[in-house]
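Read the structure below first, then the notes.
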Amino acid sequence: MQIGLGALRFSPSVFWEMTIRELYAAIQGAAEAEERAYRVSWTQARWIAATVIQPHSKKKINPADLARFPWEKKTLGLKTRKNTEEENKRELIKLQKIFNNGTA
């Protein structure tokens with residue numbers, strides 16, 4: 001209830017009419033949006049750092065050379081699969097912790 005009414009700012013009527021699956025999708029979407037914003041902010045910070053350093057360097061500075069982020073690592077090309085019900089429950093608990101504490 002805290003996530004739906006607080007963090008996601010649903011009205012009580014909208015919240016209570018949602019199914020668990022819809023609530024989970026909304027929570028997951030909000031978490032993904034927050035993750036995207038986090039990544040964008042770090043990418044911007046890296047670009048700014050490269051721009052500030054560039055006039056003081058004889059080499060061309062590539063922002064990716066200053067810092068590599070975990071989300072930029074190459075994937076192994078593993079096929080995705082549907083989560084099991086147990087995995088969904090664990091993911092929901094993790095999302096609840098994120099929204100309640102600000103960390104996983």
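In the structure tokens, each chain is lettered A, B, ... as it comes, each chain's residues begin at 1, and ligands are numbered from 1 in order of appearance.
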
For this session: Identify, with DSSP run on backbone atoms, the residues in chain A assigned to helix (DSSP H, G or I), and express the list as a count of residues only.
Result: 73

Exercise. Can you tell me, as JSON, numbers by chain, what residues are no more than 9 Å from segment 59-75 of chain A when counting only C-alpha atoms, ignoring any on the same chain fewer than 6 positions away?
Worked result: {"A": [39, 42, 43, 46, 47, 48, 49, 50, 51, 53]}

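Taking atom CA of Ile27 of chain A and atom CA of Gln96 of chain A as the two end points, the separation is 8.6 Å.
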
For this session: Determine the nearest neighbour of Ala30 of chain A from the options A:Leu8, A:Gln2, A:Glu86, A:Ile98, counting only C-alpha atoms.
Result: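 For Ala30 of chain A, the nearest of the candidates is A:Leu8.
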
Exercise. Do you have the atom CA of Ile3 of chain A-atom CA of Glu22 of chain A distance handy?
Worked result: 13.0 Å

Exercise. What lies within 12 Å of Gly29 of chain A using only C-alpha atoms, ignoring chain neighbours under 5 positions off, as an MDAnalysis selection string?
Worked result: chainID A and resid 8 22:24 34:36 92 95
